[in-house]
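start.txt (compact mmCIF, C-alpha atoms)
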# COMPACT_ATOMS: atom_id res chain seq x y z
CA MET I 532 -27.80 49.73 16.83
CA ASN I 533 -30.82 48.49 18.76
CA PHE I 534 -33.74 46.14 18.30
CA GLU I 535 -36.50 48.73 17.99
CA ASN I 536 -34.76 50.84 15.33
CA ASN I 537 -32.78 48.24 13.40
CA CYS I 538 -34.12 44.72 13.91
CA ARG I 539 -37.89 44.86 14.45
CA VAL I 540 -38.61 45.65 10.78
CA CYS I 541 -37.53 42.10 9.81
CA HIS I 542 -37.70 40.29 13.16
CA SER I 543 -41.20 40.70 14.50
CA LEU I 544 -41.99 39.57 18.03
CA GLN I 545 -45.45 38.54 16.87
CA PHE I 546 -46.18 35.02 18.11
CA ASP I 547 -49.87 34.74 17.15
CA PRO I 548 -50.35 35.51 13.43
CA GLU I 549 -54.09 36.04 13.88
CA THR I 550 -53.57 38.61 16.63
CA PRO I 551 -50.95 41.12 15.44
CA GLU I 552 -51.90 43.50 18.26
CA LEU I 553 -50.04 41.29 20.74
CA ALA I 554 -46.26 40.93 20.53
CA LEU I 555 -43.64 39.65 22.93
CA PRO I 556 -41.65 42.21 24.90
CA HIS I 557 -37.94 42.51 24.10
CA GLY I 558 -34.98 42.92 26.38
CA SER I 559 -35.77 40.87 29.48
CA THR I 560 -36.33 37.13 29.92
CA GLU I 561 -38.35 37.91 33.06
CA PHE I 562 -40.72 40.20 31.13
CA VAL I 563 -41.12 37.62 28.34
CA THR I 564 -41.83 34.84 30.85
CA ALA I 565 -44.32 37.04 32.74
CA PHE I 566 -46.02 38.00 29.47
CA LEU I 567 -46.38 34.38 28.35
CA ARG I 568 -47.71 33.27 31.73
CA SER I 569 -50.27 36.09 31.67
CA LEU I 570 -51.60 35.33 28.17
CA PRO I 571 -55.19 34.80 29.38
CA LYS I 572 -55.12 38.34 30.82
CA GLN I 573 -53.36 39.73 27.73
CA TYR I 574 -56.10 38.29 25.50
CA ALA I 575 -58.85 39.43 27.92
CA ASP I 576 -57.48 42.99 27.89
CA LEU I 577 -57.32 42.89 24.09
CA ALA I 578 -60.93 41.64 23.93
CA ALA I 579 -61.97 44.55 26.16
CA ARG I 580 -60.09 47.06 23.94
CA LYS I 581 -61.78 45.59 20.86
CA GLY I 582 -65.19 45.60 22.55
CA ALA I 583 -65.67 41.86 21.98
CA ALA I 584 -69.21 40.70 22.83
CA ASP I 585 -67.93 37.44 24.37
CA ALA I 586 -64.57 38.24 25.95
CA ASN I 587 -64.29 34.85 27.67
CA GLY I 588 -65.03 33.03 24.40
CA PHE I 589 -62.40 35.16 22.64
CA VAL I 590 -59.80 34.26 25.28
CA GLN I 591 -60.62 30.54 25.16
CA GLU I 592 -60.50 30.51 21.35
CA LYS I 593 -57.09 32.23 21.33
CA LEU I 594 -55.61 29.91 23.97
CA ALA I 595 -56.97 26.83 22.17
CA GLY I 596 -55.33 28.05 18.94
CA LEU I 597 -51.97 28.45 20.70
CA ARG I 598 -52.26 24.97 22.27
CA GLU I 599 -53.02 23.50 18.85
CA GLN I 600 -50.04 25.26 17.29
CA PHE I 601 -47.46 24.95 20.08
CA GLY I 602 -48.70 22.41 22.64
CA SER I 603 -48.62 23.32 26.32
CA GLY I 604 -47.67 26.69 27.78
CA ASP I 605 -44.29 25.23 28.72
CA ASP I 606 -43.79 24.11 25.10
CA LEU I 607 -44.62 27.61 23.86
CA GLU I 608 -42.21 29.15 26.37
CA ARG I 609 -39.39 26.76 25.31
CA ARG I 610 -40.02 27.56 21.66
CA VAL I 611 -40.01 31.31 22.31
CA PHE I 612 -36.63 31.17 24.02
CA PHE I 613 -34.81 28.29 22.33
CA SER I 614 -36.15 27.88 18.79
CA THR I 615 -33.95 28.89 15.86
CA THR I 616 -36.57 28.20 13.19
CA LYS I 617 -36.13 30.76 10.45
CA LEU I 618 -39.47 32.10 9.32
CA ALA I 619 -37.97 35.06 7.52
CA PRO I 620 -39.88 37.43 5.29
CA GLU I 621 -39.22 37.22 1.58
CA ILE I 622 -36.63 39.73 0.40
CA ARG I 623 -36.44 40.71 -3.27
CA ASN I 624 -33.91 43.15 -4.71
CA GLY I 625 -32.79 44.10 -1.23
CA THR I 626 -36.25 45.06 0.07
CA LEU I 627 -38.97 43.29 2.03
CA SER I 628 -41.71 42.05 -0.28
CA GLY I 629 -45.12 43.43 0.48
CA GLY I 630 -43.96 44.85 3.79
CA THR I 631 -44.23 41.39 5.36
CA ARG I 632 -42.44 40.62 8.60
CA ALA I 633 -41.24 37.37 10.07
CA LEU I 634 -43.32 35.57 12.67
CA PHE I 635 -41.21 35.41 15.81
CA PRO I 636 -38.85 32.42 15.45
CA GLY I 637 -37.30 32.36 18.93
CA CYS I 638 -34.74 34.32 20.92
CA ALA I 639 -32.03 31.80 19.98
CA LEU I 640 -32.18 32.88 16.32
CA CYS I 641 -30.31 36.07 17.25
CA HIS I 642 -29.05 35.44 20.78
CA GLU I 643 -27.08 32.78 22.60
CA VAL I 644 -29.60 31.23 24.99
CA LYS I 645 -28.62 28.82 27.76
CA THR I 646 -30.49 27.22 30.60
CA SER I 647 -29.45 28.64 33.96
CA VAL I 648 -28.92 26.47 37.05
CA SER I 649 -32.47 27.39 38.15
CA GLY I 650 -33.80 26.05 34.81
CA SER I 651 -34.84 29.44 33.46
CA PRO I 652 -33.53 30.74 30.13
CA GLU I 653 -30.46 32.93 30.24
CA ILE I 654 -29.63 35.15 27.29
CA THR I 655 -26.04 36.23 26.75
CA LYS I 656 -25.87 40.00 26.39
CA PRO I 657 -25.10 40.78 22.73
CA MET I 658 -21.82 42.47 21.94
CA ILE I 659 -22.46 44.72 18.97
CA VAL I 660 -19.40 46.39 17.55
CA GLU I 661 -20.21 49.96 16.55
CA ARG I 662 -17.46 50.22 13.90
CA TRP I 663 -15.66 47.20 12.43
CA LEU I 664 -13.23 49.17 10.28
CA ALA I 665 -11.97 51.79 12.73
CA PRO I 666 -10.11 54.10 10.29
CA ALA I 667 -12.89 53.97 7.70
CA LYS I 668 -15.17 56.96 7.24
CA PHE I 669 -18.67 55.55 6.95
CA ASP I 670 -21.96 57.15 7.89
CA HIS I 671 -25.12 55.01 7.90
CA ALA I 672 -27.24 58.18 7.90
CA LYS I 673 -25.97 59.05 4.41
CA HIS I 674 -27.15 55.64 3.21
CA ALA I 675 -30.63 55.79 4.78
CA ASN I 676 -32.31 55.92 1.36
CA ILE I 677 -31.29 52.35 0.53
CA SER I 678 -32.35 49.17 2.30
CA CYS I 679 -30.00 47.39 4.72
CA ALA I 680 -30.22 44.19 2.65
CA GLN I 681 -28.82 45.98 -0.39
CA CYS I 682 -25.41 46.08 1.33
CA HIS I 683 -25.64 43.47 4.08
CA ASP I 684 -26.40 39.91 2.94
CA ALA I 685 -28.37 38.94 6.05
CA VAL I 686 -30.65 36.63 4.05
CA HIS I 687 -27.84 34.10 3.57
CA SER I 688 -26.39 34.48 7.08
CA LYS I 689 -26.36 31.21 9.02
CA ASP I 690 -24.95 32.36 12.35
CA THR I 691 -25.32 35.41 14.58
CA ALA I 692 -21.49 35.55 14.64
CA ASP I 693 -21.44 36.31 10.89
CA ILE I 694 -19.93 39.71 10.13
CA LEU I 695 -22.02 41.10 7.31
CA LEU I 696 -19.69 43.77 5.96
CA PRO I 697 -20.28 44.43 2.29
CA ALA I 698 -17.55 43.68 -0.22
CA LYS I 699 -15.82 46.56 -1.99
CA GLU I 700 -17.69 45.56 -5.16
CA THR I 701 -20.99 46.17 -3.38
CA CYS I 702 -19.93 49.72 -2.49
CA ALA I 703 -18.62 50.29 -6.02
CA VAL I 704 -22.09 49.76 -7.51
CA CYS I 705 -22.85 53.31 -6.36
CA HIS I 706 -19.38 54.66 -5.54
CA SER I 707 -18.02 54.65 -9.10
CA PRO I 708 -18.19 56.81 -12.21
CA ARG I 709 -20.99 54.56 -13.44
CA GLY I 710 -22.90 54.73 -10.13
CA GLY I 711 -22.57 58.49 -9.99
CA VAL I 712 -21.58 58.77 -6.31
CA VAL I 713 -18.24 60.26 -5.27
CA ASP I 714 -15.60 57.53 -5.44
CA THR I 715 -12.19 58.81 -4.41
CA CYS I 716 -10.15 56.61 -2.07
CA ALA I 717 -10.31 59.27 0.63
CA THR I 718 -14.11 59.19 0.52
CA CYS I 719 -14.01 55.94 2.48
CA HIS I 720 -10.48 55.54 3.82
CA THR I 721 -8.29 57.49 6.21
CA TYR I 722 -4.64 56.73 5.56
CA HIS I 723 -2.71 58.91 7.98
CA LYS I 724 -2.85 59.15 11.72
CA PRO I 725 -4.17 62.50 12.92
CA LEU I 726 -1.43 65.03 13.58
CA VAL I 727 -0.45 65.23 17.23
CA ALA I 728 -0.11 68.77 18.53
CA ALA I 729 3.45 69.66 19.49
CA GLN I 730 4.00 69.86 23.23

In structure tokens, how does this file's structure come out?
Amino acid sequence: MNFENNCRVCHSLQFDPETPELALPHGSTEFVTAFLRSLPKQYADLAARKGAADANGFVQEKLAGLREQFGSGDDLERRVFFSTTKLAPEIRNGTLSGGTRALFPGCALCHEVKTSVSGSPEITKPMIVERWLAPAKFDHAKHANISCAQCHDAVHSKDTADILLPAKETCAVCHSPRGGVVDTCATCHTYHKPLVAAQ
């Protein structure tokens, strides 16, 4: 599981709703800090790519909008790293409504963020367990035609430590005679240890 393939669809790194072309980098506090401190250049480069007639005016307008919304550059940086404000997209029937994505809430929504002795943000490396139920036979690829939210109740999750395994009843919606998907016990469960070759 990684951010680009599994998280970005709901957790956008877009910090300026009027400028979706710019998004925060992911994976390094140093890159995020450097990006935020180079926003005038980021906006100037964007103005050049768009062929803006008044690039300097474009940059000043964008920076003024950020100051109005977030305060100083330091305030914006603190919010980016430490805010846990949930600005989640609306999810109906297990799917994102209208393809909307959340405006970036802050690293601390998903990560443990502390202040280091130097005063800079320090993000604890996430520990993502690949398989919670070791003897179970589950393949996400076979479930790619349904949305993640149909099985994992992330909408009601309050803490990044929540384990969002679906209940058996959730699986049984499809894996049952009524759901029409194979539903034997052995479809999901392995009961015996593998045979060890005689030595």

| Leaving out His674 in chain I and any residue of its chain fewer than 5 positions from it, which residues lie within 12 Å of it when counting only C-alpha atoms, given as an MDAnalysis selection string? | chainID I and resid 669 679:682 702 705:706 712

Can you tell me, as a compact mmCIF listing (two decimals) with C-alpha atoms, in the coordinates of the input, what residues are no more than 12 Å from Arg568 in chain I when counting only C-alpha atoms, ignoring any on the same chain fewer than 5 positions away?
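Here's the written file result-v7.txt:
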# COMPACT_ATOMS: atom_id res chain seq x y z
CA LEU I 555 -43.64 39.65 22.93
CA GLU I 561 -38.35 37.91 33.06
CA PHE I 562 -40.72 40.20 31.13
CA VAL I 563 -41.12 37.62 28.34
CA GLN I 573 -53.36 39.73 27.73
CA TYR I 574 -56.10 38.29 25.50
CA LEU I 594 -55.61 29.91 23.97
CA SER I 603 -48.62 23.32 26.32
CA GLY I 604 -47.67 26.69 27.78
CA ASP I 605 -44.29 25.23 28.72
CA ASP I 606 -43.79 24.11 25.10
CA LEU I 607 -44.62 27.61 23.86
CA GLU I 608 -42.21 29.15 26.37

| task | Tell me, in Å to one decimal, how far CA of Asn587 in chain I is from CA of Ala575 in chain I. | result |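 Taking CA of Asn587 in chain I as the start and CA of Ala575 in chain I as the end point, the length is 7.1 Å.
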
| message | I'd like the neighbourhood of Ala717 in chain I as JSON, numbers by chain, where a residue qualifies if any of its atoms comes within 12 Å (using all atoms listed in the file), though same-chain residues fewer than 4 positions away should be ignored. | response | {"I": [666, 667, 668, 669, 706, 713, 721, 722, 723]}

| Leu695 in chain I surroundings by all atoms listed in the file, 10 Å radius, close-in-sequence under 6 positions cut, as a list in words |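 Within the cut-off, the hits are Ala680, Cys682, His683, Asp684, Ala685, His687 and Ser688 of chain I.
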
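Considering the residues I:Leu544, I:Cys641, I:Val704, I:Ala586 and counting all atoms listed in the file, Met658 in chain I has its shortest atom-to-atom contact with I:Cys641.
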
| request: Give me, please, the distance in Å between CA of Pro657 in chain I and CA of Ser678 in chain I, quoted to one decimal. | output: 23.2 Å

| How many Å lie between CA of Asp547 in chain I and CA of Gly588 in chain I, rounded to one decimal? |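 Going from CA of Asp547 in chain I over to CA of Gly588 in chain I, I get 16.9 Å.
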
| said: Calculated over all atoms listed in the file, which of the candidates I:Leu553, I:Leu567, I:Leu696, I:Val590 has the smallest distance to Val611 in chain I? | reply: I:Leu567

Can you sort out the box for range 582-594 of chain I, edges along x, y and z, all listed atoms in, 8 Å on every side, with centre and edge lengths in Å to one decimal, as JSON?
{"center_x": -62.4, "center_y": 37.8, "center_z": 24.5, "size_x": 29.6, "size_y": 31.7, "size_z": 22.3}

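Residues in contact range of Met532 in chain I, defined as at most 12 Å between only C-alpha atoms, with sequence neighbours fewer than 2 positions away removed, read Phe534, Glu535, Asn536, Asn537, Cys538, Arg539, Pro657, Met658, Ile659, Val660, Glu661, Arg662 and His671 of chain I.
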